[in-house]
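All remarks here apply to the structure that follows.
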Amino acid sequence: QIVMHLGGRPVTVLGSSLGGSAAIEMTARYPKLVKRLILNDIGPHIPLRRRQRRADALARHYVFREPSDLLRRVGASQKNDGPVSDDIRFNLNFHQTRWSDEDGGRIYRHDVRAMQAYRRDARRSLLQWDLWQGVRCPILLIHGLQSDALLPPTIRRMSTGKDITLMRLPDTGHAPLLADRNQIWFIRDWLLGNGNAAGEWTVLHAPPRERHPGLPIRFAPITAL
């Protein structure tokens, strides 16, 4: 419906994690609407063990009563995000949460019913190979090398008979944030068709930028937390 609202012309679709699973189905069912597909660390197969671990994590009810609680949670996800600056992580986690008077702290912004449905569905591996056969457009597959969701055997099977470019990210787990400027530049070049042909590429992390003197980061007032 969104694509049709935008005029019905073919679009490039980017899907991360569960959004990538939805993107695979959309591309297979409506091939005329999708001209290119970017999958962020996701494929047609997600192992049962990985889905169960994710379901267990989603079942927990996190309450962040202090900024330090939120920062500790940020640190726990570091292996998945890859080398990302603390201000980006904190900003992301801040906007993924909301204040709850009932809990007396910040809680994640998600629909509990959707999380419960995911937990029920996570009793088996996710398999979309039949849909994958219907994906005909060029594909950019982003792979966090430490990912437990997108595994090498899955990547090899995905690559058979497809126009696919593989973008590998070192020191990164499932669903990279894609905030690194080298990663952004590679994706931009792929979208513009500037030489990132089908094949495998490793995109190294950009060196950290120097902080600008005299421009400290402004944090939200404590009342906003």
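Ordering of the structure tokens sets the chain letters (A, B, ...), residue numbers begin anew at 1 in every chain, and ligands are numbered from 1 in the order given.
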If you count only C-alpha atoms, which residues fall within 12 Å of Ala23 in chain A, apart from same-chain ones fewer than 6 positions away, as a PyMOL selection string?
chain A and resi 11-17+29-31+33-34+36-40+42-44+128+131-132+135+139
As a ChimeraX atom specification, please: the residues near Leu178 in chain A (cut-off 9 Å, only C-alpha atoms, same-chain neighbours under 5 positions excluded).
/A:40,81,183-184
Selected residues written out with N, CA and C atoms, as a PDB file, in the first residue's frame:
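Wrote result_12.pdb, looks like this:
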ATOM      1  N   ASN A  40      19.719  -6.595   5.537  1.00  0.00           N
ATOM      2  CA  ASN A  40      20.679  -6.326   6.597  1.00  0.00           C
ATOM      3  C   ASN A  40      20.756  -7.515   7.547  1.00  0.00           C
ATOM      4  N   ASP A  81      26.117  -4.492  17.554  1.00  0.00           N
ATOM      5  CA  ASP A  81      26.171  -3.228  16.825  1.00  0.00           C
ATOM      6  C   ASP A  81      27.476  -3.035  16.077  1.00  0.00           C
ATOM      7  N   GLN A 183      30.399   2.164   5.673  1.00  0.00           N
ATOM      8  CA  GLN A 183      29.253   1.332   5.312  1.00  0.00           C
ATOM      9  C   GLN A 183      28.243   2.129   4.494  1.00  0.00           C
ATOM     10  N   ILE A 184      27.975   3.349   4.934  1.00  0.00           N
ATOM     11  CA  ILE A 184      27.032   4.213   4.213  1.00  0.00           C
ATOM     12  C   ILE A 184      27.537   4.482   2.795  1.00  0.00           C
TER      13      ILE A 184
END
Closest contacts (range 115-148 of chain A/range 51-67 of chain A, max 12 Å, only C-alpha atoms) as CSV:
residue,atom,partner,partner_atom,distance
A:Met115,CA,A:Leu58,CA,6.4
A:Gln116,CA,A:Ala59,CA,7.5
A:Ala117,CA,A:Ala55,CA,9.6
A:Tyr118,CA,A:Ala55,CA,6.8
A:Arg119,CA,A:Ala55,CA,4.9
A:Arg120,CA,A:Ala55,CA,8.5
A:Asp121,CA,A:Arg51,CA,8.8
A:Ala122,CA,A:Arg51,CA,5.3
A:Arg123,CA,A:Gln52,CA,6.9
A:Arg124,CA,A:Arg51,CA,7.9
A:Ser125,CA,A:Arg51,CA,7.2
A:Leu126,CA,A:Arg51,CA,8.3
A:Leu127,CA,A:Arg51,CA,11.9
A:Asp148,CA,A:Arg51,CA,9.7
Restricting the calculation to only C-alpha atoms: of A:Ile107, A:Asn182, A:His45, A:Arg72, which residue gets closest to Met158 in chain A?
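Selected residue with least distance to Met158 in chain A: A:His45.
CA of Ala179 in chain A sits 10.1 Å away from CA of His205 in chain A.
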I need the residue nearest Ile164 in chain A from this list: A:Leu141, A:Arg49, A:Asn194, A:His110. Use only C-alpha atoms for the distance.
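Of all the options, A:Leu141 lies closest to Ile164 in chain A.
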As a list in words, please: every residue in range 25-117 of chain A that a backbone DSSP assignment puts in strand (DSSP E).
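Restricting range 25-117 of chain A to strand (DSSP E) produces Val34, Lys35, Arg36, Leu37, Ile38, Leu39, Asn40, His45, Ile46, Thr97, Arg98, Trp99, Ser100, Gly105, Arg106, Ile107 and Tyr108 of chain A.
Counting only C-alpha atoms, the residue from A:Gly193, A:Gly82, A:Pro152, A:Gly104 that sits nearest to His174 in chain A is A:Gly82.
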From a backbone DSSP assignment, name each residue in range 141-217 of chain A labelled helix (DSSP H, G or I), as a VMD selection string.
chain A and resid 152 to 159 181 to 192
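If you measure from each of A:Lys32, A:Arg168, A:Arg181, A:Lys162 to Gln146 in chain A using only C-alpha atoms, the closest one turns out to be A:Arg168.
Residues within 12 Å of Thr160 in chain A, counting only C-alpha atoms and excluding same-chain residues fewer than 5 positions away, are Trp129, Trp132, Gln133, Val135, Arg136, Pro153, Thr154, Ile155, Thr165, Ala198 and Gly199 of chain A.
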Could you tell me how far CA of Asn93 in chain A lies from CA of Pro47 in chain A, in Å and to one decimal?
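That distance, rounded to one decimal, is 26.4 Å.
Across the model, the gap from CA of Ile88 in chain A to CA of Leu191 in chain A is 24.5 Å.
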Find the residues near Tyr108 in chain A: any atom within 8 Å, counting only C-alpha atoms, skip ones fewer than 5 places away on the same chain, and give them as a ChimeraX atom specification.
/A:62,96-98
Can you spit out the residues from that selection as a CSV table (one decimal), in the first residue's frame, using C-alpha atoms?
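The resulting file, again15.csv, is reproduced below:
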chain,number,residue,atom,x,y,z
A,62,TYR,CA,13.1,-4.1,31.0
A,96,GLN,CA,13.7,3.0,21.3
A,97,THR,CA,12.2,3.5,24.8
A,98,ARG,CA,9.5,5.7,26.4
